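Engineer: If it helps, the file is called entry05.cif and holds mmCIF, C-alpha atoms:
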```
data_upload
loop_
_atom_site.label_atom_id
_atom_site.label_comp_id
_atom_site.auth_asym_id
_atom_site.auth_seq_id
_atom_site.Cartn_x
_atom_site.Cartn_y
_atom_site.Cartn_z
CA MET A 532 -177.08 -21.35 93.58
CA THR A 533 -178.42 -18.21 91.90
CA ILE A 534 -177.82 -16.87 88.39
CA SER A 535 -178.46 -13.12 87.96
CA ILE A 536 -179.97 -11.59 84.83
CA ASN A 537 -180.91 -7.97 84.07
CA LEU A 538 -183.90 -7.32 81.79
CA THR A 539 -185.49 -4.11 80.48
CA GLY A 540 -188.78 -4.06 78.64
CA GLY A 541 -191.88 -2.29 77.45
CA ILE A 542 -195.03 -4.41 77.73
CA ASP A 543 -198.30 -3.26 76.17
CA VAL A 544 -200.86 -5.45 77.94
CA GLY A 545 -203.87 -4.91 75.71
CA ASN A 546 -207.31 -6.36 76.26
CA GLY A 547 -206.78 -8.38 73.11
CA TYR A 548 -203.04 -8.98 72.77
CA VAL A 549 -199.83 -8.56 74.71
CA LYS A 550 -197.20 -6.77 72.63
CA GLY A 551 -193.80 -6.35 74.16
CA LEU A 552 -190.08 -5.78 73.76
CA ILE A 553 -187.70 -7.14 76.41
CA ARG A 554 -183.95 -6.65 76.20
CA GLY A 555 -181.48 -9.13 77.66
CA ALA A 556 -178.24 -10.72 76.48
CA ASP A 557 -177.30 -13.61 74.21
CA ALA A 558 -174.50 -16.16 74.48
CA SER A 559 -171.85 -13.65 73.39
CA GLY A 560 -173.00 -11.07 75.90
CA ALA A 561 -174.40 -8.78 73.21
CA THR A 562 -177.81 -7.26 73.85
CA ASN A 563 -180.77 -9.18 72.46
CA VAL A 564 -184.35 -7.91 72.23
CA ASP A 565 -187.28 -10.33 72.09
CA GLU A 566 -190.49 -9.26 70.37
CA ILE A 567 -193.58 -10.58 72.15
CA ASP A 568 -196.99 -10.93 70.53
CA LEU A 569 -199.58 -13.23 72.09
CA PRO A 570 -203.30 -13.24 72.91
CA SER A 571 -204.14 -11.64 76.27
CA GLY A 572 -205.49 -14.75 77.92
CA VAL A 573 -204.39 -17.72 79.98
CA SER A 574 -205.91 -21.11 80.67
CA THR A 575 -205.70 -22.23 84.31
CA ILE A 576 -205.26 -25.97 84.75
CA THR A 577 -204.82 -28.27 87.74
CA ARG A 578 -203.53 -31.43 86.07
CA PRO A 579 -199.79 -32.12 85.57
CA ASN A 580 -198.07 -31.54 82.25
CA ALA A 581 -198.54 -34.95 80.62
CA LEU A 582 -196.11 -34.25 77.76
CA PRO A 583 -193.29 -32.00 78.98
CA THR A 584 -190.52 -31.25 76.52
CA PRO A 585 -187.34 -33.26 77.23
CA ASP A 586 -184.68 -31.14 78.93
CA ASP A 587 -182.13 -31.77 76.17
CA GLU A 588 -184.48 -30.16 73.62
CA ALA A 589 -184.68 -26.85 75.49
CA ALA A 590 -182.35 -24.97 73.13
CA VAL A 591 -184.45 -25.91 70.09
CA LYS A 592 -187.69 -25.14 71.91
CA MET A 593 -186.50 -21.68 72.84
CA GLU A 594 -186.00 -20.71 69.22
CA GLY A 595 -189.66 -21.38 68.49
CA ASN A 596 -192.69 -19.39 69.64
CA PHE A 597 -192.01 -20.08 73.31
CA TYR A 598 -194.09 -17.19 74.67
CA ASN A 599 -197.21 -18.67 73.05
CA GLU A 600 -196.54 -22.08 74.64
CA LEU A 601 -195.53 -20.97 78.14
CA ASP A 602 -196.63 -23.16 81.08
CA VAL A 603 -196.01 -21.47 84.47
CA SER A 604 -197.16 -21.20 88.06
CA PHE A 605 -196.68 -18.32 90.50
CA VAL A 606 -195.91 -17.66 94.13
CA SER A 607 -196.65 -13.96 94.39
CA PRO A 608 -198.92 -11.60 96.34
CA LEU A 609 -200.27 -10.55 92.93
CA VAL A 610 -201.59 -14.03 92.03
CA SER A 611 -204.36 -15.70 94.02
CA ASN A 612 -203.41 -19.37 93.58
CA TYR A 613 -200.56 -21.69 92.66
CA HIS A 614 -202.26 -23.42 89.71
CA ARG A 615 -200.46 -23.65 86.39
CA ARG A 616 -201.34 -21.23 83.63
CA LEU A 617 -200.91 -21.83 79.91
CA PHE A 618 -200.19 -18.76 77.80
CA GLY A 619 -200.99 -17.44 74.35
CA LEU A 620 -202.17 -19.54 71.45
CA ARG A 621 -201.79 -22.68 73.54
CA ALA A 622 -204.34 -21.34 76.02
CA LEU A 623 -207.01 -20.91 73.33
CA SER A 624 -207.38 -24.66 72.82
CA ALA A 625 -206.43 -25.95 76.29
CA GLN A 626 -209.01 -27.74 78.41
CA GLY A 627 -208.86 -25.40 81.37
CA ALA A 628 -210.57 -22.33 82.79
CA PHE A 629 -209.87 -19.61 80.23
CA ASP A 630 -209.27 -16.13 81.65
CA GLU A 631 -209.42 -13.02 79.48
CA PHE A 632 -209.87 -9.36 80.33
CA ASP A 633 -213.36 -8.22 81.23
CA VAL A 634 -214.27 -5.58 78.64
CA VAL A 635 -217.86 -5.23 79.87
CA GLY A 636 -217.44 -4.56 83.60
CA ARG A 637 -215.88 -1.51 85.21
CA ARG A 638 -212.86 -3.07 86.91
CA SER A 639 -209.63 -1.44 85.84
CA LYS A 640 -207.08 -3.55 84.01
CA ALA A 641 -204.76 -2.62 86.89
CA GLN A 642 -207.16 -4.39 89.27
CA GLN A 643 -207.40 -7.58 87.23
CA GLU A 644 -204.96 -10.33 88.15
CA LEU A 645 -204.47 -11.27 84.52
CA SER A 646 -202.42 -8.15 83.77
CA LYS A 647 -199.82 -9.09 86.40
CA VAL A 648 -199.78 -12.74 85.31
CA LEU A 649 -199.05 -11.77 81.71
CA VAL A 650 -196.25 -9.33 82.57
CA MET A 651 -194.49 -11.65 85.03
CA GLY A 652 -194.85 -14.65 82.70
CA ALA A 653 -193.29 -12.72 79.82
CA PHE A 654 -190.27 -11.69 81.92
CA ALA A 655 -189.79 -15.22 83.25
CA ALA A 656 -189.89 -16.64 79.71
CA LYS A 657 -187.34 -14.07 78.51
CA ALA A 658 -185.03 -14.84 81.45
CA LEU A 659 -185.12 -18.56 80.70
CA ARG A 660 -184.57 -17.99 76.98
CA ASP A 661 -181.50 -15.87 77.69
CA TYR A 662 -180.11 -18.43 80.12
CA VAL A 663 -180.51 -21.26 77.59
CA ARG A 664 -178.96 -19.13 74.85
CA GLN A 665 -175.95 -18.41 77.05
CA HIS A 666 -175.47 -21.91 78.50
CA GLY A 667 -176.89 -24.19 75.83
CA GLY A 668 -179.41 -25.84 78.16
CA LEU A 669 -181.58 -25.55 81.26
CA PRO A 670 -180.12 -24.64 84.65
CA PRO A 671 -179.62 -27.51 87.11
CA ALA A 672 -182.61 -28.16 89.38
CA ILE A 673 -180.78 -26.63 92.36
CA GLU A 674 -180.22 -23.31 90.58
CA THR A 675 -182.55 -20.31 90.50
CA ILE A 676 -182.59 -17.56 87.90
CA SER A 677 -182.77 -14.18 89.64
CA VAL A 678 -184.02 -11.26 87.53
CA GLN A 679 -183.66 -7.54 88.11
CA ALA A 680 -186.36 -6.09 85.84
CA ARG A 681 -187.21 -2.64 84.54
CA VAL A 682 -190.48 -2.22 82.71
CA ALA A 683 -192.80 0.40 81.28
CA LEU A 684 -196.51 -0.44 81.21
CA ALA A 685 -199.63 1.36 80.01
CA LEU A 686 -203.18 1.84 81.25
CA PRO A 687 -206.26 3.29 79.53
CA ILE A 688 -206.34 7.03 80.14
CA ASN A 689 -209.18 7.03 82.67
CA GLU A 690 -207.54 4.14 84.56
CA TYR A 691 -204.11 5.76 84.35
CA ILE A 692 -205.36 8.81 86.21
CA SER A 693 -206.72 6.70 89.09
CA HIS A 694 -204.45 3.65 89.25
CA ARG A 695 -201.01 4.48 87.88
CA THR A 696 -199.29 4.73 91.28
CA SER A 697 -200.85 1.64 92.88
CA TYR A 698 -200.33 -0.43 89.71
CA ALA A 699 -196.59 0.27 89.70
CA ALA A 700 -196.30 -0.29 93.45
CA GLU A 701 -197.78 -3.79 93.22
CA PHE A 702 -194.92 -4.95 91.00
CA THR A 703 -192.17 -3.33 93.04
CA SER A 704 -193.41 -4.68 96.39
CA GLY A 705 -191.25 -7.72 97.03
CA THR A 706 -190.06 -10.66 94.94
CA HIS A 707 -192.26 -12.77 92.68
CA THR A 708 -191.47 -16.43 92.00
CA VAL A 709 -192.39 -17.96 88.65
CA THR A 710 -191.90 -21.67 87.94
CA VAL A 711 -191.69 -22.75 84.30
CA HIS A 712 -193.20 -26.23 83.74
CA ASN A 713 -192.60 -26.66 80.00
CA PHE A 714 -189.73 -29.12 80.53
CA GLU A 715 -189.14 -32.32 82.46
CA THR A 716 -187.23 -30.32 85.06
CA PRO A 717 -189.16 -27.27 86.37
CA VAL A 718 -187.19 -24.01 86.34
CA THR A 719 -187.54 -21.36 89.07
CA VAL A 720 -187.29 -17.68 88.18
CA LYS A 721 -187.38 -14.97 90.86
CA LEU A 722 -188.42 -11.53 89.63
CA GLU A 723 -187.58 -8.25 91.33
CA PHE A 724 -188.95 -5.15 89.60
CA VAL A 725 -186.52 -2.34 90.37
CA ASP A 726 -188.40 0.24 88.31
CA VAL A 727 -191.94 0.34 86.87
CA GLN A 728 -193.14 3.22 84.72
CA VAL A 729 -196.86 3.58 83.90
CA ILE A 730 -197.87 5.64 80.85
CA PRO A 731 -201.28 6.47 79.35
CA GLU A 732 -202.28 4.17 76.50
CA GLY A 733 -201.91 5.97 73.20
CA ALA A 734 -199.48 8.53 74.59
CA SER A 735 -196.69 5.97 74.41
CA ALA A 736 -197.58 5.28 70.77
CA GLN A 737 -197.20 8.94 69.89
CA TYR A 738 -193.70 8.90 71.38
CA ALA A 739 -192.91 6.06 68.99
CA ILE A 740 -194.37 7.92 66.01
CA THR A 741 -191.99 10.80 66.68
CA ALA A 742 -189.07 8.42 67.15
CA LYS A 743 -189.71 6.67 63.83
CA GLY A 744 -189.49 9.98 62.04
CA GLU A 745 -189.97 10.91 58.40
CA PRO A 746 -190.17 7.45 56.71
CA LEU A 747 -193.38 6.66 58.62
CA MET A 748 -194.75 10.17 58.17
CA ASP A 749 -194.11 10.18 54.41
CA ALA A 750 -196.22 7.04 54.03
CA MET A 751 -199.06 8.43 56.15
CA LEU A 752 -199.17 11.74 54.30
CA ALA A 753 -199.23 9.93 50.93
CA ASP A 754 -202.21 7.92 52.13
CA VAL A 755 -204.25 10.88 53.37
CA ARG A 756 -203.58 12.78 50.12
CA ARG A 757 -204.92 9.81 48.15
CA ARG A 758 -208.13 10.30 50.12
CA GLY A 759 -208.66 13.83 48.87
CA LEU A 760 -206.96 16.13 51.39
CA SER A 761 -204.47 18.29 49.51
CA LEU A 762 -202.36 19.53 52.47
CA VAL A 763 -200.50 21.85 50.11
CA GLY A 764 -196.99 22.61 51.26
CA ILE A 765 -197.13 20.35 54.32
CA THR A 766 -194.05 18.16 54.80
CA SER A 767 -193.30 15.23 57.08
CA ALA A 768 -191.08 17.50 59.13
CA ASP A 769 -194.02 19.87 59.64
CA VAL A 770 -196.21 17.08 61.01
CA LEU A 771 -193.47 15.69 63.24
CA ALA A 772 -192.98 19.16 64.70
CA ALA A 773 -196.68 19.43 65.64
CA GLU A 774 -197.22 20.03 69.35
CA HIS A 775 -201.05 19.97 69.37
CA THR A 776 -202.18 16.46 68.51
CA VAL A 777 -204.98 13.99 69.13
CA GLY A 778 -204.46 10.23 69.08
CA ILE A 779 -207.17 7.63 68.51
CA ASP A 780 -205.86 4.35 69.93
CA VAL A 781 -208.27 1.55 69.04
CA GLY A 782 -207.81 -1.39 71.38
CA GLU A 783 -209.87 -4.46 72.17
CA GLY A 784 -211.57 -3.15 75.30
CA THR A 785 -211.21 0.61 74.92
CA VAL A 786 -210.53 3.46 72.51
CA ASN A 787 -208.17 6.02 74.03
CA PHE A 788 -207.94 9.64 72.89
CA PRO A 789 -204.58 10.99 74.14
CA VAL A 790 -204.37 14.74 73.63
CA PHE A 791 -201.08 16.62 73.55
CA THR A 792 -201.15 20.39 74.02
CA ALA A 793 -197.95 22.38 73.51
CA GLY A 794 -196.08 19.08 73.41
CA GLU A 795 -197.34 17.91 76.82
CA PHE A 796 -199.90 15.21 77.64
CA ASN A 797 -203.20 16.96 78.41
CA ALA A 798 -204.96 14.84 81.02
CA ASP A 799 -207.95 17.21 81.13
CA ALA A 800 -208.79 16.87 77.43
CA SER A 801 -207.77 13.22 77.02
CA THR A 802 -210.42 10.56 77.48
CA THR A 803 -211.31 6.88 77.09
CA HIS A 804 -214.28 5.28 75.32
CA ASN A 805 -215.00 2.08 77.22
CA ARG A 806 -215.67 -0.07 74.18
CA GLY A 807 -213.23 -1.45 71.64
CA TYR A 808 -212.82 -4.04 68.90
CA GLY A 809 -213.43 -6.76 71.49
CA SER A 810 -216.83 -5.20 72.16
CA VAL A 811 -217.56 -5.54 68.45
CA LEU A 812 -216.65 -9.23 68.60
CA ASN A 813 -218.73 -9.81 71.74
CA ASP A 814 -221.72 -8.10 70.11
CA ALA A 815 -221.26 -10.19 66.96
CA LEU A 816 -221.20 -13.42 68.98
CA LYS A 817 -224.40 -12.39 70.74
CA ALA A 818 -226.06 -11.50 67.43
CA MET A 819 -225.15 -14.92 66.03
CA GLU A 820 -226.67 -16.64 69.04
CA ASP A 821 -229.81 -14.47 68.94
CA GLN A 822 -230.33 -15.39 65.31
CA GLY A 823 -229.74 -19.10 65.87
CA PHE A 824 -226.44 -19.23 63.96
CA SER A 825 -224.27 -21.98 65.49
CA HIS A 826 -220.74 -20.57 65.38
CA GLY A 827 -218.75 -22.82 67.73
CA PHE A 828 -216.48 -20.05 69.11
CA THR A 829 -215.79 -20.32 72.84
CA SER A 830 -214.44 -16.77 73.28
CA ARG A 831 -213.94 -13.53 71.41
CA LYS A 832 -210.22 -14.46 71.26
CA GLN A 833 -211.02 -17.50 69.16
CA LEU A 834 -213.20 -15.37 66.89
CA ALA A 835 -210.45 -12.74 66.52
CA GLU A 836 -207.82 -15.35 65.65
CA TYR A 837 -210.20 -16.98 63.15
CA LEU A 838 -210.90 -13.71 61.36
CA GLN A 839 -207.23 -12.75 61.32
CA ALA A 840 -206.22 -16.09 59.78
CA GLY A 841 -208.61 -15.64 56.84
CA ALA A 842 -210.87 -18.14 55.14
CA SER A 843 -209.80 -21.54 53.89
CA PRO A 844 -211.47 -22.90 50.71
CA LEU A 845 -213.37 -25.47 52.78
CA LYS A 846 -214.74 -22.86 55.18
CA ARG A 847 -215.44 -19.98 52.79
CA ASN A 848 -219.22 -19.86 53.25
CA PHE A 849 -219.00 -20.13 57.02
CA TYR A 850 -216.27 -17.48 57.17
CA ASP A 851 -218.32 -15.07 55.04
CA LYS A 852 -221.36 -15.46 57.28
CA VAL A 853 -219.30 -14.84 60.42
CA ALA A 854 -217.65 -11.81 58.80
CA GLN A 855 -221.07 -10.36 57.94
CA PHE A 856 -222.13 -10.42 61.56
CA VAL A 857 -218.90 -8.69 62.61
CA ASP A 858 -219.13 -6.14 59.80
CA GLU A 859 -222.59 -5.08 60.91
CA GLU A 860 -221.38 -4.44 64.46
CA MET A 861 -218.38 -2.49 63.13
CA ARG A 862 -220.72 0.06 61.53
CA PHE A 863 -222.28 0.89 64.89
CA PHE A 864 -218.89 0.95 66.60
CA ALA A 865 -217.44 3.38 64.03
CA LYS A 866 -220.30 5.77 64.67
CA GLU A 867 -219.69 5.61 68.44
CA VAL A 868 -215.97 6.35 68.09
CA ALA A 869 -216.55 9.21 65.65
CA GLU A 870 -219.02 10.79 68.06
CA ARG A 871 -216.51 10.57 70.92
CA PHE A 872 -213.84 12.05 68.61
CA GLY A 873 -216.20 14.94 68.01
CA ARG A 874 -216.45 15.58 71.76
CA VAL A 875 -212.66 15.80 71.99
CA LEU A 876 -212.53 18.18 69.04
CA ALA A 877 -215.19 20.36 70.67
CA VAL A 878 -212.57 21.07 73.34
CA VAL A 879 -209.29 21.20 71.40
CA GLY A 880 -210.26 21.13 67.70
CA ALA A 881 -209.33 24.74 67.03
CA THR A 882 -205.71 24.16 68.02
CA THR A 883 -205.32 20.55 66.80
CA GLU A 884 -202.63 20.22 64.13
CA VAL A 885 -202.86 16.50 63.40
CA ALA A 886 -204.81 13.42 64.50
CA TYR A 887 -203.37 9.89 64.44
CA VAL A 888 -205.34 6.63 64.34
CA PHE A 889 -203.54 3.48 65.47
CA GLY A 890 -203.80 0.45 67.75
CA GLY A 891 -204.38 -3.29 67.59
CA GLY A 892 -208.06 -2.91 66.74
CA ALA A 893 -207.61 -0.14 64.16
CA GLY A 894 -206.90 -2.42 61.20
CA PRO A 895 -210.12 -4.49 61.15
CA VAL A 896 -212.41 -1.47 61.61
CA LYS A 897 -210.63 0.86 59.16
CA PRO A 898 -213.14 0.55 56.25
CA HIS A 899 -215.88 1.93 58.49
CA LEU A 900 -213.97 4.03 60.99
CA TYR A 901 -211.68 6.09 58.76
CA PRO A 902 -214.47 7.66 56.65
CA ALA A 903 -216.45 8.37 59.84
CA LEU A 904 -213.48 10.13 61.45
CA LEU A 905 -212.71 12.20 58.35
CA ALA A 906 -216.35 13.25 58.15
CA LYS A 907 -216.40 14.21 61.82
CA ALA A 908 -213.17 16.23 61.52
CA THR A 909 -214.66 18.11 58.56
CA GLU A 910 -217.94 18.67 60.40
CA MET A 911 -216.21 20.07 63.47
CA ASN A 912 -213.40 22.09 61.88
CA SER A 913 -213.97 22.30 58.11
CA VAL A 914 -212.06 20.65 55.26
CA ASP A 915 -208.26 20.80 55.38
CA SER A 916 -208.28 22.05 58.98
CA PHE A 917 -205.85 19.28 59.99
CA PRO A 918 -204.84 15.86 58.61
CA THR A 919 -206.24 12.69 60.18
CA LEU A 920 -203.59 10.03 59.58
CA TYR A 921 -204.58 6.36 59.79
CA LEU A 922 -201.59 4.10 60.41
CA ASP A 923 -201.34 0.71 58.75
CA SER A 924 -202.04 -2.11 61.21
CA SER A 925 -198.90 -4.03 60.17
CA TYR A 926 -196.96 -1.69 62.43
CA SER A 927 -199.48 0.54 64.24
CA ARG A 928 -200.54 -2.25 66.60
CA ASN A 929 -196.97 -2.28 67.94
CA LEU A 930 -196.50 1.44 68.45
CA ASN A 931 -197.49 1.39 72.11
CA ARG A 932 -194.92 -1.29 72.90
CA GLU A 933 -192.26 0.66 70.98
CA GLY A 934 -193.03 3.81 72.94
CA LEU A 935 -193.06 1.92 76.25
CA TYR A 936 -189.68 0.39 75.47
CA ILE A 937 -188.30 3.84 74.68
CA ALA A 938 -189.62 5.07 78.05
CA ALA A 939 -188.07 2.16 79.98
CA GLU A 940 -184.69 2.68 78.31
CA SER A 941 -184.81 6.44 78.96
CA VAL A 942 -185.36 5.92 82.69
CA GLU A 943 -182.63 3.26 82.74
CA LYS A 944 -180.15 5.67 81.17
CA ARG A 945 -181.03 8.45 83.60
CA ALA A 946 -180.54 6.03 86.49
CA GLY A 947 -177.07 5.18 85.23
CA ALA A 948 -177.94 1.50 84.77
CA ALA A 949 -176.52 -0.76 82.07
CA PRO A 950 -176.42 1.17 78.79
CA ALA A 951 -179.02 0.28 76.22
CA ALA A 952 -176.91 -0.81 73.28
CA ASN A 953 -178.41 -1.16 69.83
CA GLY A 954 -178.93 -4.88 70.23
CA LYS A 955 -180.42 -7.09 67.57
CA ARG A 956 -183.91 -8.51 67.91
CA SER A 957 -184.80 -12.15 67.83
CA ALA A 958 -187.31 -11.52 65.06
CA ARG A 959 -187.46 -8.96 62.25
CA SER A 960 -187.19 -5.52 63.78
CA SER A 961 -190.16 -3.19 63.77
CA GLU A 962 -188.05 -0.73 61.81
CA LYS A 963 -187.66 -3.29 59.02
CA LYS A 964 -191.37 -4.07 59.09
CA LEU A 965 -192.05 -0.35 58.81
CA ALA A 966 -189.79 -0.03 55.79
CA GLU A 967 -191.58 -2.91 54.08
CA ALA A 968 -195.10 -1.80 54.97
CA THR A 969 -197.36 0.30 52.80
CA VAL A 970 -200.08 2.44 54.27
#
```
Any chance you could put this one into structure tokens?
Structural biologist:
Amino acid sequence: MTISINLTGGIDVGNGYVKGLIRGADASGATNVDEIDLPSGVSTITRPNALPTPDDEAAVKMEGNFYNELDVSFVSPLVSNYHRRLFGLRALSAQGAFDEFDVVGRRSKAQQELSKVLVMGAFAAKALRDYVRQHGGLPPAIETISVQARVALALPINEYISHRTSYAAEFTSGTHTVTVHNFETPVTVKLEFVDVQVIPEGASAQYAITAKGEPLMDAMLADVRRRGLSLVGITSADVLAAEHTVGIDVGEGTVNFPVFTAGEFNADASTTHNRGYGSVLNDALKAMEDQGFSHGFTSRKQLAEYLQAGASPLKRNFYDKVAQFVDEEMRFFAKEVAERFGRVLAVVGATTEVAYVFGGGAGPVKPHLYPALLAKATEMNSVDSFPTLYLDSSYSRNLNREGLYIAAESVEKRAGAAPAANGKRSARSSEKKLAEATV
């Protein structure tokens, strides 16, 4: 027996984190949007799940952080083996082969198996959550959940130009089977991707900036004025109407510079810097090792999570030493990004009306990067030539996923598929976070 579910989502598969929005339905049939935020890594294991959750606890389990505890295997042409993979925070401490994106080599994210694993796992988890919400428990062992999925994905700009068509085609070629092993009874989910949109990283975030409108822009303008740019007479509406913009999307493996000219994405002027915040972390780990500092981190993901959590009183000295190593590498990184920003401005600086800085890696590097970018903008185009607006990381790291979700819904509406109602989200909405945030 087969149960059919329709899902629509935007998934920002970053080198550091997966941020996503997937819309389904709850028990009443009303639309329900899950917010996904988990480290971009999985741990591959060959042993059985020694402590599966009892089937009768599925409903409670689903209301927790299920995406960060997911335990799945795949039968798909996109996945090379049938071994189980643990997702998210659970993967960081699991005793298995940890797989994270290669931010040093030259293989596109589209060519790395991990990107497909993360997308398909997220959709399978959402499908199972919606089923349990609607039925109060797991499906019988003889039943299969069949998913018709629409998704918008992103690639770094240089990879987008070369791989956007093949990346989408991989998902839409056939059916992909995902088995969820979290419970005593395994659950089979069959995924069919009926539409896959691929958008340049950073460009999708700028769609979201426009969609969020004046509340976000008011906060950004207040921040840049506190930093000494007068911008006399410029309003939020003026900035939102700008058609010549440059984005600086700081990720873990790359920094993307999406350029819009006359309101259209300018592939000729846009570019990617093939280092990101993850490169900073990798360099810091190497510096620690070179200087004989025993840090105990097994991956840059562990280091990132440790820094994000902050210091405990018992680990204050150790935390400060680790942070010093990272801070030193940030200084060099900020200089690199500012120089690449200058190259973009050498091409489009005269017409640029506004520059935006955002992305999952933008928050940690802000103390060093923002002054460097402001200085470079002044050097290239004089003071007050255009505002450089640095978005607060409490919401800027999610802008790409917001823009991708908007893109997926837009295509769905044009196709005449199920209407995208204003469904509630399973966590606080990004709009509420935005209202509470201060730049």
Engineer: Find the nearest atom pair between each residue of range 622-670 of chain A and range 574-580 of chain A for residues within 9 Å, count all atoms listed in the file, give distances in Å to one decimal, sort rows by chain and ascending number, and present the table as a Markdown table.
Structural biologist:
```
| residue | atom | partner | partner_atom | distance |
| --- | --- | --- | --- | --- |
| A:Ala622 | CA | A:Ser574 | CA | 4.9 |
| A:Leu623 | CA | A:Ser574 | CA | 7.4 |
| A:Ser624 | CA | A:Ser574 | CA | 8.7 |
| A:Ala625 | CA | A:Ser574 | CA | 6.5 |
| A:Gln626 | CA | A:Ile576 | CA | 7.6 |
| A:Gly627 | CA | A:Ile576 | CA | 5.0 |
| A:Ala628 | CA | A:Thr575 | CA | 5.1 |
| A:Phe629 | CA | A:Ser574 | CA | 4.3 |
| A:Asp630 | CA | A:Ser574 | CA | 6.1 |
| A:Glu631 | CA | A:Ser574 | CA | 8.9 |
```
Engineer: Could you list as a list in words every residue that has an atom within 8 Å of (-207.2, 6.9, 73.6), using the file's coordinates and counting only C-alpha atoms?
Structural biologist: Pro687, Ile688, Glu732, Gly733, Ala734, Gly778, Ile779, Asp780, Val781, Thr785, Val786, Asn787, Phe788, Pro789, Ser801, Thr802, Thr803 and His804 of chain A
Engineer: Between CA of Pro895 in chain A and CA of Thr919 in chain A, what is the distance, to one decimal in Å?
Structural biologist: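 It comes out at 17.6 Å.
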Engineer: Taking the file as I've supplied it (selection: the PyMOL selection byres ((chain A and resi 935-940) around 6)), which residues are included? Please answer as a PyMOL selection string.
Structural biologist: chain A and resi 540-541+682-683+735+932-934+941-943
Engineer: On this structure, which residues satisfy the PyMOL selection byres ((chain A and resi 809) around 8), written as a PyMOL selection string?
Structural biologist: chain A and resi 546-547+634+782-784+806-808+810-813+831
Engineer: Please report the interatomic distance between CA of Lys640 in chain A and CA of Asn689 in chain A in Å with one decimal.
Structural biologist: 10.9 Å
Engineer: List the residues matched by the PyMOL selection byres ((chain A and resi 697-710) around 7) in the displayed structure as a short mmCIF file (atom, residue, chain, number, x, y, z; two decimals) with C-alpha atoms, in the coordinates of the input, ordered by chain and then by residue number.
Structural biologist:
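Dumped to selection05.cif:
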```
data_model
loop_
_atom_site.label_atom_id
_atom_site.label_comp_id
_atom_site.auth_asym_id
_atom_site.auth_seq_id
_atom_site.Cartn_x
_atom_site.Cartn_y
_atom_site.Cartn_z
CA VAL A 603 -196.01 -21.47 84.47
CA SER A 604 -197.16 -21.20 88.06
CA PHE A 605 -196.68 -18.32 90.50
CA VAL A 606 -195.91 -17.66 94.13
CA SER A 607 -196.65 -13.96 94.39
CA ALA A 641 -204.76 -2.62 86.89
CA ALA A 655 -189.79 -15.22 83.25
CA HIS A 694 -204.45 3.65 89.25
CA ARG A 695 -201.01 4.48 87.88
CA THR A 696 -199.29 4.73 91.28
CA VAL A 711 -191.69 -22.75 84.30
CA HIS A 712 -193.20 -26.23 83.74
CA PRO A 717 -189.16 -27.27 86.37
CA VAL A 718 -187.19 -24.01 86.34
CA THR A 719 -187.54 -21.36 89.07
CA VAL A 720 -187.29 -17.68 88.18
CA LYS A 721 -187.38 -14.97 90.86
CA LEU A 722 -188.42 -11.53 89.63
CA GLU A 723 -187.58 -8.25 91.33
CA PHE A 724 -188.95 -5.15 89.60
CA VAL A 725 -186.52 -2.34 90.37
CA VAL A 727 -191.94 0.34 86.87
CA GLN A 728 -193.14 3.22 84.72
CA VAL A 729 -196.86 3.58 83.90
#
```
Engineer: Rounded to one decimal in Å, what is the spacing between CA of Gly652 in chain A and CA of Met593 in chain A?
Structural biologist: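 Going from CA of Gly652 in chain A over to CA of Met593 in chain A covers 14.7 Å.
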Engineer: Write out as a PyMOL selection string each polymer residue whose atoms come within 9 Å of His899 in chain A, counting all atoms listed in the file; drop sequence neighbours fewer than 2 positions from it.
Structural biologist: chain A and resi 858+861-862+864-866+896-897+901-903
Engineer: Fewer than 3 positions away in the same chain doesn't count, so skip those; otherwise give me all residues within 10 Å of Ala556 in chain A, counting all atoms listed in the file, as number ranges by chain.
Structural biologist: A: 536-538, 559-564, 657-658, 660-662, 664-665, 954-955
Engineer: Which residues are close to Glu600 in chain A, i.e. within 9 Å by only C-alpha atoms, leaving aside same-chain residues fewer than 2 positions away? Reply as a ChimeraX atom specification.
Structural biologist: /A:596-598,602,617-622,713
Engineer: Let me know the centre plus edge lengths, in Å and rounded to one decimal, of a box with edges along x, y and z that contains all listed atoms of range 817-835 of chain A and is padded by 4 Å on every side, as lines of an AutoDock Vina configuration file.
Structural biologist:
```
center_x = -220.3
center_y = -17.2
center_z = 68.6
size_x = 28.1
size_y = 19.3
size_z = 17.3
```
Engineer: Here is a test: counting only C-alpha atoms, which residue of A:Val663, A:Leu684, A:Leu747, A:Ile567 is nearest to Ile553 in chain A?
Structural biologist: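 Checking each candidate against Ile553 in chain A, we get A:Ile567 as the closest.
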Engineer: Could you give me, as a ChimeraX atom specification, the residues within 12 Å of Ser916 in chain A, counting all atoms listed in the file and dropping anything in the same chain fewer than 6 positions from it?
Structural biologist: /A:760-763,876,880-886,905-910
Engineer: Counting all atoms listed in the file, which of A:Ala815, A:Leu904, A:Leu569, A:Val648 gets nearest to Tyr548 in chain A?
Structural biologist: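 Closest candidate: A:Leu569.
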Engineer: Which residue is closest to Pro670 in chain A? Choose from A:Asp749, A:Asp726, A:Asp586, A:Glu644 and count only C-alpha atoms.
Structural biologist: A:Asp586
